[in-house]
>>> print(open('target-v4.txt').read())   # compact mmCIF, C-alpha atoms and all ligand atoms
# COMPACT_ATOMS: atom_id res chain seq x y z
CA MET O 131 154.50 28.88 29.64
CA PRO O 132 152.44 26.27 27.82
CA ASP O 133 151.66 26.23 24.11
CA VAL O 134 149.99 29.48 22.96
CA PHE O 135 146.76 27.70 22.01
CA ALA O 136 146.36 26.08 25.45
CA ASP O 137 143.79 28.66 26.60
CA LEU O 138 141.59 28.27 23.56
CA VAL O 139 138.98 26.02 25.12
CA GLY O 140 137.12 23.37 23.13
CA GLN O 141 138.18 24.62 19.66
CA ASP O 142 140.23 21.72 18.32
CA GLU O 143 139.35 22.18 14.65
CA ALA O 144 140.20 25.87 14.66
CA VAL O 145 143.53 25.17 16.35
CA VAL O 146 144.46 22.62 13.67
CA GLU O 147 143.71 25.15 10.93
CA LEU O 148 145.59 27.98 12.65
CA ARG O 149 148.65 25.84 13.26
CA ARG O 150 148.68 24.78 9.65
CA ALA O 151 148.45 28.43 8.60
CA ALA O 152 151.27 29.42 10.94
CA ALA O 153 153.44 26.65 9.48
CA ALA O 154 152.64 27.89 5.97
CA ALA O 155 153.46 31.45 7.02
CA ALA O 156 156.81 30.29 8.39
CA ALA O 157 157.48 28.50 5.09
CA VAL O 158 156.75 31.76 3.25
CA LEU O 159 159.35 33.54 5.38
CA ARG O 160 161.91 30.78 4.81
CA ALA O 161 161.31 30.84 1.08
CA GLY O 162 161.68 34.59 1.09
CA ALA O 163 158.48 34.91 -0.90
CA ALA O 164 157.43 38.44 -1.57
CA ALA O 165 153.76 38.15 -0.82
CA LEU O 166 150.95 35.93 0.33
CA VAL O 167 148.02 34.87 -1.76
CA PRO O 168 145.17 37.10 -0.68
CA ALA O 169 141.80 35.44 -0.14
CA GLY O 170 139.85 36.74 -3.09
CA PRO O 171 136.09 37.19 -3.25
CA ALA O 172 135.80 33.84 -5.05
CA SER O 173 137.65 31.82 -2.45
CA GLY O 174 136.21 33.07 0.78
CA ASN O 175 134.76 29.77 1.91
CA GLY O 176 137.71 28.49 3.82
CA SER O 177 141.05 26.87 3.53
CA ALA O 178 139.98 23.92 1.42
CA ALA O 179 138.79 26.20 -1.36
CA ASP O 180 141.91 28.32 -1.06
CA ASP O 181 144.13 25.28 -1.33
CA ALA O 182 142.25 24.05 -4.36
CA ALA O 183 142.63 27.44 -6.01
CA THR O 184 146.39 27.37 -5.63
CA GLY O 185 146.86 23.65 -6.19
CA GLY O 186 148.24 23.32 -2.65
CA LEU O 187 151.78 23.84 -3.96
CA ASP O 188 152.31 27.44 -3.09
CA PRO O 189 153.94 27.73 0.32
CA ALA O 190 151.52 30.57 0.99
CA ALA O 191 148.47 28.41 0.31
CA GLY O 192 147.67 27.74 3.94
CA MET O 193 148.14 31.35 4.89
CA THR O 194 146.39 34.56 3.96
CA HIS O 195 146.40 38.24 4.88
CA ALA O 196 143.06 38.67 6.51
CA TRP O 197 141.11 36.51 8.91
CA ILE O 198 137.82 36.76 10.77
CA PHE O 199 137.28 34.87 14.02
CA THR O 200 133.59 34.42 14.69
CA GLY O 201 131.71 32.88 17.60
CA PRO O 202 129.40 33.70 20.48
CA PRO O 203 130.66 35.98 23.27
CA GLY O 204 133.11 34.16 25.52
CA SER O 205 133.94 31.49 22.94
CA GLY O 206 137.46 32.87 22.72
CA ARG O 207 137.58 35.02 19.56
CA SER O 208 140.23 37.37 20.87
CA VAL O 209 142.06 34.52 22.62
CA ALA O 210 142.26 32.72 19.27
CA ALA O 211 143.42 35.85 17.46
CA ARG O 212 146.13 36.57 20.00
CA ALA O 213 147.33 32.96 20.00
CA PHE O 214 147.48 32.97 16.20
CA ALA O 215 149.43 36.24 16.28
CA ALA O 216 151.89 34.57 18.65
CA ALA O 217 152.12 31.51 16.40
CA LEU O 218 152.99 33.83 13.49
CA GLN O 219 155.71 35.50 15.55
CA CYS O 220 157.01 32.20 16.98
CA VAL O 221 160.68 31.68 16.12
CA HIS O 222 160.71 27.97 16.95
CA GLY O 223 157.57 26.54 15.45
CA THR O 224 153.90 27.37 15.44
CA GLY O 225 153.30 28.78 18.89
CA CYS O 226 155.71 27.02 21.27
CA GLY O 227 154.85 29.44 24.05
CA GLU O 228 158.46 29.74 25.13
CA CYS O 229 160.38 31.76 22.55
CA PRO O 230 160.58 35.58 22.73
CA GLY O 231 158.12 35.90 19.82
CA CYS O 232 155.43 33.89 21.60
CA HIS O 233 156.19 35.37 24.97
CA THR O 234 156.03 39.03 24.00
CA THR O 235 152.92 38.55 21.85
CA MET O 236 151.02 36.80 24.64
CA GLY O 237 152.23 39.42 27.10
CA GLY O 238 151.07 42.25 24.84
CA SER O 239 154.49 43.80 24.23
CA HIS O 240 155.52 42.50 20.80
CA ALA O 241 156.58 45.45 18.64
CA ASP O 242 154.86 44.06 15.54
CA VAL O 243 151.55 43.04 17.10
CA ARG O 244 148.86 45.60 17.69
CA MET O 245 145.66 44.79 19.57
CA VAL O 246 142.80 47.18 18.94
CA VAL O 247 140.30 46.93 21.77
CA PRO O 248 137.47 49.40 21.28
CA GLU O 249 136.46 50.98 24.54
CA GLY O 250 133.43 52.84 23.27
CA LEU O 251 130.50 51.70 21.21
CA SER O 252 132.36 52.05 17.93
CA ILE O 253 135.81 52.21 16.33
CA GLY O 254 136.17 55.51 14.47
CA VAL O 255 137.76 56.29 11.16
CA GLY O 256 140.61 58.32 12.69
CA GLU O 257 141.74 55.42 14.82
CA MET O 258 141.49 53.04 11.89
CA ARG O 259 143.47 55.25 9.47
CA ALA O 260 146.31 55.63 11.97
CA LEU O 261 146.31 51.89 12.50
CA VAL O 262 146.35 51.03 8.82
CA LEU O 263 149.23 53.42 8.29
CA ARG O 264 151.32 51.86 11.02
CA ALA O 265 150.42 48.36 9.91
CA ALA O 266 151.97 49.05 6.53
CA SER O 267 155.45 49.51 7.96
CA THR O 268 158.09 46.78 7.71
CA PRO O 269 157.96 44.40 10.67
CA SER O 270 160.83 45.25 13.01
CA GLY O 271 161.24 41.60 14.01
CA GLY O 272 161.55 40.48 10.40
CA ARG O 273 158.38 38.37 10.48
CA TRP O 274 154.84 39.80 10.28
CA GLN O 275 153.01 42.96 11.20
CA VAL O 276 149.89 41.65 12.91
CA VAL O 277 146.86 43.80 13.63
CA VAL O 278 144.16 42.29 15.84
CA ILE O 279 140.83 44.11 15.80
CA GLU O 280 138.59 42.94 18.62
CA ASP O 281 134.90 43.63 18.13
CA ALA O 282 135.28 44.41 14.44
CA ASP O 283 131.47 44.56 14.42
CA ARG O 284 131.84 47.94 16.11
CA LEU O 285 133.63 49.55 13.15
CA THR O 286 131.90 52.65 11.89
CA GLU O 287 131.15 52.57 8.17
CA ALA O 288 134.00 54.98 7.43
CA ALA O 289 136.41 52.95 9.56
CA GLY O 290 135.31 49.81 7.77
CA ASN O 291 136.07 51.43 4.43
CA ALA O 292 139.55 52.46 5.60
CA LEU O 293 140.18 48.89 6.72
CA LEU O 294 138.79 47.45 3.50
CA LYS O 295 141.29 49.44 1.45
CA ALA O 296 144.16 48.00 3.47
CA ILE O 297 142.81 44.47 3.16
CA GLU O 298 142.27 44.83 -0.58
CA GLU O 299 145.83 45.91 -1.20
CA PRO O 300 147.67 44.43 1.72
CA PRO O 301 151.29 45.30 2.42
CA PRO O 302 153.30 42.09 1.84
CA ARG O 303 154.03 41.33 5.46
CA THR O 304 150.87 42.53 7.16
CA VAL O 305 148.19 40.26 8.60
CA PHE O 306 144.78 41.46 9.81
CA LEU O 307 142.91 39.40 12.39
CA LEU O 308 139.32 40.52 12.98
CA CYS O 309 136.97 39.29 15.69
CA ALA O 310 133.19 39.48 15.33
CA PRO O 311 130.14 37.59 16.63
CA SER O 312 129.27 36.34 13.13
CA THR O 313 129.73 37.06 9.44
CA HIS O 314 126.20 38.44 9.20
CA PRO O 315 126.22 41.75 7.26
CA ASP O 316 125.10 43.50 10.48
CA ASP O 317 128.40 42.44 12.06
CA ILE O 318 130.85 42.71 9.20
CA SER O 319 130.46 44.23 5.76
CA VAL O 320 130.05 41.80 2.91
CA THR O 321 133.04 43.22 1.07
CA ILE O 322 135.39 42.86 4.06
CA ARG O 323 134.09 39.37 4.71
CA SER O 324 134.74 38.37 1.09
CA ARG O 325 138.41 39.23 1.50
CA CYS O 326 138.91 37.27 4.70
CA ARG O 327 139.22 33.66 5.67
CA VAL O 328 136.69 32.79 8.37
CA VAL O 329 137.54 30.75 11.46
CA PRO O 330 134.29 29.82 13.20
CA LEU O 331 134.53 29.12 16.92
CA ARG O 332 131.82 27.23 18.76
CA GLN O 333 130.38 27.69 22.22
CA PRO O 334 132.77 25.53 24.23
CA PRO O 335 131.16 22.64 26.12
CA ALA O 336 130.83 23.13 29.89
CA ALA O 337 133.12 20.19 30.59
CA ALA O 338 135.95 21.79 28.58
CA VAL O 339 135.45 25.13 30.35
CA ALA O 340 135.50 23.44 33.77
CA GLU O 341 138.66 21.56 32.83
CA VAL O 342 140.55 24.74 31.98
CA LEU O 343 139.38 26.48 35.17
CA VAL O 344 140.80 23.62 37.20
CA ARG O 345 144.02 23.27 35.23
CA ARG O 346 144.92 26.91 34.67
CA ASP O 347 143.26 28.79 37.50
CA GLY O 348 143.53 26.18 40.22
CA ILE O 349 139.79 26.26 40.96
CA ALA O 350 138.25 23.35 42.85
CA PRO O 351 136.57 20.87 40.46
CA ASP O 352 133.06 21.17 41.94
CA VAL O 353 133.14 24.98 41.83
CA ALA O 354 134.55 24.87 38.29
CA GLN O 355 131.74 22.59 37.11
CA TRP O 356 129.06 24.79 38.63
CA ALA O 357 130.59 27.99 37.21
CA ALA O 358 131.09 26.49 33.74
CA ALA O 359 127.42 25.46 33.57
CA ALA O 360 126.15 28.76 34.98
CA ALA O 361 128.27 30.78 32.50
CA GLN O 362 126.74 28.93 29.52
CA GLY O 363 129.99 28.42 27.65
CA HIS O 364 131.44 31.88 28.35
CA VAL O 365 134.96 31.14 29.56
CA GLY O 366 135.72 34.56 31.09
CA ARG O 367 132.35 34.72 32.80
CA ALA O 368 132.87 31.25 34.26
CA ARG O 369 136.21 32.30 35.71
CA ARG O 370 134.68 35.45 37.25
CA LEU O 371 131.82 33.47 38.81
CA ALA O 372 134.25 30.97 40.27
CA ARG O 373 136.53 33.62 41.72
CA ASP O 374 134.61 36.81 42.43
CA PRO O 375 132.03 36.78 45.26
CA GLU O 376 130.57 40.10 43.96
CA ALA O 377 129.86 38.52 40.58
CA ARG O 378 128.13 35.61 42.32
CA LYS O 379 126.03 38.02 44.38
CA ARG O 380 124.94 39.94 41.29
CA ARG O 381 123.98 36.71 39.57
CA GLU O 382 121.92 35.60 42.57
CA ALA O 383 120.07 38.92 42.57
CA VAL O 384 119.24 38.49 38.88
CA LEU O 385 118.04 34.92 39.39
CA GLY O 386 115.85 36.15 42.24
CA VAL O 387 113.84 38.25 39.77
CA PRO O 388 111.29 35.58 38.68
CA ARG O 389 110.27 34.99 42.30
CA ARG O 390 109.74 38.69 42.94
CA LEU O 391 107.40 39.37 40.02
CA THR O 392 104.12 39.47 41.93
CA GLY O 393 102.42 42.45 40.31
CA VAL O 394 102.80 45.50 38.08
CA GLY O 395 104.55 47.54 40.79
CA ALA O 396 106.93 44.68 41.52
CA ALA O 397 107.70 44.36 37.81
CA PHE O 398 108.70 48.03 37.58
CA ASP O 399 110.73 47.70 40.79
CA ALA O 400 112.54 44.69 39.37
CA ALA O 401 113.30 46.63 36.17
CA SER O 402 114.77 49.53 38.15
CA ALA O 403 116.83 47.18 40.29
CA LEU O 404 118.23 45.42 37.24
CA ILE O 405 119.15 48.68 35.48
CA GLU O 406 120.69 50.19 38.59
CA ALA O 407 122.71 47.06 39.33
CA ALA O 408 124.10 47.14 35.78
CA GLU O 409 124.98 50.82 36.18
CA ALA O 410 126.71 50.21 39.50
CA GLU O 411 128.68 47.29 38.10
CA ALA O 412 129.73 49.34 35.08
CA ASP O 413 130.70 52.34 37.21
CA ALA O 414 132.89 50.17 39.38
CA SER O 415 134.67 48.82 36.32
CA VAL O 416 135.41 52.14 34.58
CA THR O 417 135.80 54.77 37.32
CA GLU O 418 139.36 53.88 38.17
CA ALA O 419 140.45 53.93 34.52
CA ASP O 420 138.69 57.28 33.98
CA THR O 421 140.49 58.93 36.88
CA THR O 422 143.88 57.56 35.87
CA GLU O 423 143.45 58.67 32.26
CA ARG O 424 142.35 62.16 33.20
CA ALA O 425 145.26 62.59 35.59
CA ALA O 426 147.69 61.35 32.95
CA LEU O 427 146.31 63.72 30.32
CA GLU O 428 146.37 66.69 32.68
CA THR O 429 149.95 65.96 33.58
CA ALA O 430 150.88 65.66 29.92
CA LEU O 431 149.15 68.96 29.23
CA GLY O 432 151.00 70.71 32.02
CA ALA O 433 148.21 71.08 34.58
CA GLY O 434 149.54 72.10 37.95
CA GLY O 435 152.44 73.88 36.24
CA THR O 436 153.13 77.44 37.36
CA GLY O 437 155.22 78.67 34.43
CA ARG O 438 153.95 81.26 31.98
CA GLY O 439 153.31 78.55 29.38
CA ALA O 440 151.02 76.54 31.64
CA ALA O 441 147.90 78.71 31.38
CA GLY O 442 148.08 78.89 27.58
CA ALA O 443 148.64 75.16 27.35
CA MET O 444 145.55 74.54 29.47
CA ARG O 445 143.44 76.69 27.16
CA GLY O 446 144.55 74.63 24.15
CA ALA O 447 144.01 71.50 26.16
CA ALA O 448 140.31 72.04 26.76
CA GLY O 449 139.55 70.34 23.45
CA GLN O 450 141.64 67.31 24.34
CA LEU O 451 139.97 66.96 27.71
CA LYS O 452 136.59 67.21 26.05
CA GLU O 453 137.62 64.49 23.61
CA LEU O 454 138.69 62.28 26.53
CA GLU O 455 135.40 62.86 28.33
CA LYS O 456 133.51 61.88 25.21
CA ARG O 457 135.51 58.67 24.93
CA GLN O 458 134.99 57.86 28.58
CA LYS O 459 131.26 58.43 28.34
CA SER O 460 131.05 56.08 25.39
CA ARG O 461 133.03 53.47 27.30
CA ALA O 462 130.73 53.79 30.32
CA THR O 463 127.67 53.31 28.14
CA ARG O 464 129.17 50.19 26.68
CA ALA O 465 130.14 48.81 30.09
CA GLN O 466 126.54 49.31 31.25
CA ARG O 467 125.16 47.52 28.24
CA ASP O 468 127.58 44.65 28.70
CA ALA O 469 126.65 44.29 32.37
CA LEU O 470 122.95 44.39 31.55
CA ASP O 471 123.41 41.85 28.79
CA ARG O 472 125.15 39.44 31.15
CA ALA O 473 122.20 39.74 33.53
CA LEU O 474 119.76 39.05 30.69
CA VAL O 475 121.73 35.98 29.62
CA ASP O 476 121.50 34.65 33.19
CA LEU O 477 117.78 35.31 33.24
CA ALA O 478 117.32 33.62 29.86
CA GLY O 479 119.13 30.60 31.29
CA PHE O 480 116.56 30.37 34.08
CA TYR O 481 113.57 30.33 31.71
CA ARG O 482 115.40 27.95 29.42
CA ASP O 483 115.73 25.60 32.41
CA ALA O 484 111.99 25.93 33.10
CA LEU O 485 111.27 25.18 29.43
CA THR O 486 113.48 22.08 29.27
CA MET O 487 111.93 20.81 32.50
CA ALA O 488 108.41 21.37 31.22
CA LEU O 489 109.35 19.39 28.12
CA ARG O 490 111.15 16.77 30.24
CA ALA O 491 114.15 17.18 27.93
CA PRO O 492 117.11 15.07 29.05
CA VAL O 493 119.55 18.00 29.38
CA ALA O 494 121.34 19.43 32.40
CA PRO O 495 120.05 22.74 33.78
CA VAL O 496 122.10 25.91 33.21
CA HIS O 497 121.62 27.08 36.79
CA THR O 498 121.82 24.08 39.10
CA ASP O 499 121.25 26.30 42.15
CA THR O 500 117.86 27.56 40.95
CA ALA O 501 116.78 24.28 39.36
CA ALA O 502 114.05 23.73 41.99
CA LEU O 503 112.59 27.17 41.32
CA ALA O 504 112.71 26.59 37.57
CA GLY O 505 110.97 23.25 38.17
CA ALA O 506 108.16 25.02 40.06
CA GLY O 507 107.88 27.50 37.17
CA ALA O 508 107.69 24.63 34.70
CA GLN O 509 104.69 23.18 36.54
CA LYS O 510 102.92 26.50 36.83
CA TRP O 511 103.55 27.84 33.32
CA ASP O 512 103.81 24.72 31.20
CA ALA O 513 106.16 24.64 28.19
CA GLU O 514 104.31 27.38 26.34
CA GLY O 515 104.39 29.81 29.23
CA ALA O 516 108.10 29.12 29.84
CA LEU O 517 108.84 29.63 26.14
CA ARG O 518 106.94 32.95 26.06
CA ARG O 519 108.98 34.17 29.01
CA LEU O 520 112.26 33.02 27.47
CA GLU O 521 111.27 34.86 24.30
CA ALA O 522 110.51 38.01 26.31
CA VAL O 523 114.08 38.00 27.65
CA LEU O 524 115.57 37.42 24.20
CA ALA O 525 113.37 40.16 22.73
CA CYS O 526 114.67 42.55 25.39
CA ARG O 527 118.27 41.76 24.41
CA ALA O 528 117.46 42.30 20.75
CA ALA O 529 115.69 45.60 21.50
CA ILE O 530 118.66 46.96 23.44
CA GLU O 531 120.99 45.83 20.67
CA ALA O 532 118.76 47.82 18.29
CA ASN O 533 119.21 50.92 20.47
CA VAL O 534 115.92 50.90 22.36
CA LYS O 535 116.49 52.69 25.66
CA PRO O 536 117.51 49.94 28.12
CA ARG O 537 115.05 50.99 30.83
CA ILE O 538 112.10 50.85 28.46
CA ALA O 539 113.12 47.48 27.06
CA VAL O 540 113.66 46.00 30.54
CA GLU O 541 110.33 47.35 31.85
CA ALA O 542 108.50 45.81 28.90
CA MET O 543 110.29 42.53 29.55
CA MET O 544 109.45 42.48 33.26
CA LEU O 545 105.77 43.08 32.50
CA ALA O 546 105.82 40.27 29.97
CA LEU O 547 107.52 37.95 32.48
CA TRP O 548 104.91 38.77 35.10
CA LYS O 549 101.90 38.42 32.81
CA GLY O 550 103.42 35.44 30.94
ZN ZN O 601 157.40 30.35 20.05
>>> encode(input="target-v4.txt", output="structure tokens", more="lines below")
Ligand SMILES: [Zn+2]
Amino acid sequence: MPDVFADLVGQDEAVVELRRAAAAAAAVLRAGAAALVPAGPASGNGSAADDAATGGLDPAAGMTHAWIFTGPPGSGRSVAARAFAAALQCVHGTGCGECPGCHTTMGGSHADVRMVVPEGLSIGVGEMRALVLRAASTPSGGRWQVVVIEDADRLTEAAGNALLKAIEEPPPRTVFLLCAPSTHPDDISVTIRSRCRVVPLRQPPAAAVAEVLVRRDGIAPDVAQWAAAAAQGHVGRARRLARDPEARKRREAVLGVPRRLTGVGAAFDAASALIEAAEAEADASVTEADTTERAALETALGAGGTGRGAAGAMRGAAGQLKELEKRQKSRATRAQRDALDRALVDLAGFYRDALTMALRAPVAPVHTDTAALAGAGAQKWDAEGALRRLEAVLACRAAIEANVKPRIAVEAMMLALWKG
């Protein structure tokens, strides 16, 4: 297994900082220091400020209890958090990739590393309280208790408050790693942010994404280059496009939309097609998990049992099943939104190509395979028309993010794309 940071594509500065922090954390353990220096509200601007505050002499200076990884989707926020967790658990250095600490963390089985991956639209207070409680226990491996919260922007307000309490008075050996799109107050509360050190990740350049697809996934260089460009810096999306013919087909259908917008009726048809495709994609991704979970819960609750206890247990279990159904519904909604958002990002890429061509900007197109079509659009619409259409797609994303019903937002977008 290579170094734990090997999969973090195009984020050299962040890796340097995280390695330095892991080394500092190891020094804290060696020195037997009781506690880290928490990042206070006054020193939230990064490691330089933190070092200055402590004179750089404290072995804990490079390390702190709470971190936020920010960056656009696909930039590797959770990859960075997991790699850093491994580096903290590494018994040889700062993420060698070979020791048991690195290995079990990367494989998801380290006893002192918990990954919280919200499946629904939000992380509730119950889940967060249980997590905080467990995070306070002494690390069984003698190093750190690490809690990784993916999509920390999905914390409910109550859950955020429960987390804030833990971050404000952190147990001595507990480290919280949060992932969020940005440090905007919409994503993460100002008070949580003020207690965390921020590690900003950038959208990785296409060349770096292509390189990792070739090296790690064994994808042919020409396919890797195409997929990296088409995925617009989203590493996971690039890998799916390179490997999964279904994903490529869905993308082609989305990029066929501009050509099909020939009238009002066609615009509504295109909206329906886009929504239904997102639903179908989401269904395919969650159905199997739903069935497995339900079967597991029913077994645990004694369904299919014939003893006298079984019927009573089933009555008490109705509430648990209902709870599971609620969770699954929330997960399905999120999967649909994610699928729709991917489609909108592809579509935005098309109009962005038309815009850059209309402006004769010396940049490579996002979608090389529809470049000719985007070129025709550029001639017909001019830069202004291309920009208005690009803005219509971005406005649709923003509307859905703000809880406008997806069908309504997509219909409005399609009409705007048709009318220009
Ligand atoms: Zn290691």
>>> closest_residue(input="target-v4.txt", among="O:Arg518, O:Arg370, O:His240, O:Arg378", to="O:Asp347", atoms="only C-alpha atoms")
O:Arg370
>>> closest_residue(input="target-v4.txt", among="O:Arg212, O:Arg303, O:His233, O:Arg369", to="O:Leu159", atoms="only C-alpha atoms")
O:Arg303
>>> closest_residue(input="target-v4.txt", among="O:Gly507, O:Thr463, O:Trp548, O:Leu343", to="O:Gly393", atoms="all atoms listed in the file")
O:Trp548
>>> atom_distance(input="target-v4.txt", atom1="atom CA of O:Leu218", atom2="atom CA of O:Asn291")
26.0 Å
>>> closest_residue(input="target-v4.txt", among="O:Val523, O:Leu470, O:Val365, O:Leu454", to="O:Arg346", atoms="only C-alpha atoms")
O:Val365
>>> closest_atom_pairs(input="target-v4.txt", of="chain O", to="ligand ZN 601 (chain O)", cutoff="6 Å", atoms="all atoms listed in the file", output="CSV")
residue,atom,partner,partner_atom,distance
O:Cys220,CA,O:ZN601,ZN,3.6
O:Val221,CA,O:ZN601,ZN,5.3
O:His222,CA,O:ZN601,ZN,5.1
O:Gly223,CA,O:ZN601,ZN,6.0
O:Gly225,CA,O:ZN601,ZN,4.5
O:Cys226,CA,O:ZN601,ZN,3.9
O:Gly227,CA,O:ZN601,ZN,4.8
O:Glu228,CA,O:ZN601,ZN,5.2
O:Cys229,CA,O:ZN601,ZN,4.1
O:Gly231,CA,O:ZN601,ZN,5.6
O:Cys232,CA,O:ZN601,ZN,4.3
>>> closest_atom_pairs(input="target-v4.txt", of="stretch 463-526 of chain O", to="stretch 319-339 of chain O", cutoff="12 Å", atoms="only C-alpha atoms", output="tab-separated table")
residue	atom	partner	partner_atom	distance
O:Ala494	CA	O:Ala336	CA	10.5
O:Pro495	CA	O:Ala336	CA	11.5
O:Val496	CA	O:Ala336	CA	9.7
>>> write_last_selection(input="target-v4.txt", atoms="C-alpha atoms", output="PDB file, in the frame of the given file")
ATOM      1  CA  ALA O 494     121.340  19.430  32.400  1.00  0.00           C
ATOM      2  CA  PRO O 495     120.050  22.740  33.780  1.00  0.00           C
ATOM      3  CA  VAL O 496     122.100  25.910  33.210  1.00  0.00           C
TER       4      VAL O 496
END
>>> closest_residue(input="target-v4.txt", among="O:Ala504, O:Leu517, O:Leu308, O:Ala144", to="O:Gly386", atoms="all atoms listed in the file")
O:Ala504
>>> residues_around(input="target-v4.txt", residues="O:Asp399", least_positions_apart="6", cutoff="12 Å", atoms="all atoms listed in the file", output="ChimeraX atom specification")
/O:387,390-393,405-406,537,540-541,544-545
>>> write_last_selection(input="target-v4.txt", atoms="C-alpha atoms", output="short mmCIF file (atom, residue, chain, number, x, y, z; two decimals), keeping the file's coordinate frame")
data_model
loop_
_atom_site.label_atom_id
_atom_site.label_comp_id
_atom_site.auth_asym_id
_atom_site.auth_seq_id
_atom_site.Cartn_x
_atom_site.Cartn_y
_atom_site.Cartn_z
CA VAL O 387 113.84 38.25 39.77
CA ARG O 390 109.74 38.69 42.94
CA LEU O 391 107.40 39.37 40.02
CA THR O 392 104.12 39.47 41.93
CA GLY O 393 102.42 42.45 40.31
CA ILE O 405 119.15 48.68 35.48
CA GLU O 406 120.69 50.19 38.59
CA ARG O 537 115.05 50.99 30.83
CA VAL O 540 113.66 46.00 30.54
CA GLU O 541 110.33 47.35 31.85
CA MET O 544 109.45 42.48 33.26
CA LEU O 545 105.77 43.08 32.50
#
>>> residues_around(input="target-v4.txt", residues="O:His497", least_positions_apart="2", cutoff="12 Å", atoms="only C-alpha atoms", output="NGL selection string")
:O and (355-362 or 381-382 or 384-385 or 475-484 or 493-495 or 499-505)
>>> closest_residue(input="target-v4.txt", among="O:Asp242, O:Glu143, O:Asp317, O:Asp420", to="O:Ile198", atoms="all atoms listed in the file")
O:Asp317
>>> atom_distance(input="target-v4.txt", atom1="atom CA of O:Leu474", atom2="atom CA of O:Met245")
28.8 Å
>>> atom_distance(input="target-v4.txt", atom1="atom CA of O:Glu287", atom2="atom CA of O:Ile318")
9.9 Å
>>> decode(input="target-v4.txt", residues="stretch 399-410 of chain O", atoms="N, CA, C and O atoms", output="CSV table (one decimal), in the first residue's frame")
chain,number,residue,atom,x,y,z
O,399,ASP,N,-40.7,18.3,-21.9
O,399,ASP,CA,-40.3,16.9,-22.1
O,399,ASP,C,-38.8,16.7,-21.6
O,399,ASP,O,-38.5,15.7,-20.9
O,400,ALA,N,-38.0,17.6,-21.9
O,400,ALA,CA,-36.6,17.5,-21.5
O,400,ALA,C,-36.5,17.6,-19.9
O,400,ALA,O,-35.7,16.9,-19.3
O,401,ALA,N,-37.3,18.4,-19.3
O,401,ALA,CA,-37.3,18.5,-17.9
O,401,ALA,C,-37.7,17.2,-17.2
O,401,ALA,O,-37.1,16.7,-16.3
O,402,SER,N,-38.8,16.6,-17.8
O,402,SER,CA,-39.3,15.4,-17.3
O,402,SER,C,-38.2,14.3,-17.4
O,402,SER,O,-38.0,13.5,-16.5
O,403,ALA,N,-37.6,14.3,-18.6
O,403,ALA,CA,-36.6,13.2,-18.8
O,403,ALA,C,-35.4,13.4,-17.8
O,403,ALA,O,-34.9,12.4,-17.3
O,404,LEU,N,-35.0,14.6,-17.6
O,404,LEU,CA,-33.9,14.8,-16.7
O,404,LEU,C,-34.2,14.4,-15.2
O,404,LEU,O,-33.5,13.7,-14.6
O,405,ILE,N,-35.5,14.8,-14.8
O,405,ILE,CA,-35.9,14.4,-13.4
O,405,ILE,C,-36.0,12.9,-13.3
O,405,ILE,O,-35.5,12.3,-12.3
O,406,GLU,N,-36.6,12.3,-14.3
O,406,GLU,CA,-36.8,10.8,-14.2
O,406,GLU,C,-35.5,10.0,-14.3
O,406,GLU,O,-35.4,9.0,-13.6
O,407,ALA,N,-34.6,10.5,-15.1
O,407,ALA,CA,-33.3,9.9,-15.2
O,407,ALA,C,-32.6,10.0,-13.8
O,407,ALA,O,-32.0,9.0,-13.4
O,408,ALA,N,-32.7,11.1,-13.1
O,408,ALA,CA,-32.1,11.3,-11.8
O,408,ALA,C,-32.7,10.3,-10.8
O,408,ALA,O,-32.1,9.7,-10.0
O,409,GLU,N,-34.1,10.2,-10.9
O,409,GLU,CA,-34.8,9.3,-10.0
O,409,GLU,C,-34.3,7.8,-10.2
O,409,GLU,O,-34.1,7.1,-9.3
O,410,ALA,N,-34.2,7.5,-11.5
O,410,ALA,CA,-33.9,6.1,-11.8
O,410,ALA,C,-32.5,5.8,-11.3
O,410,ALA,O,-32.2,4.7,-10.8
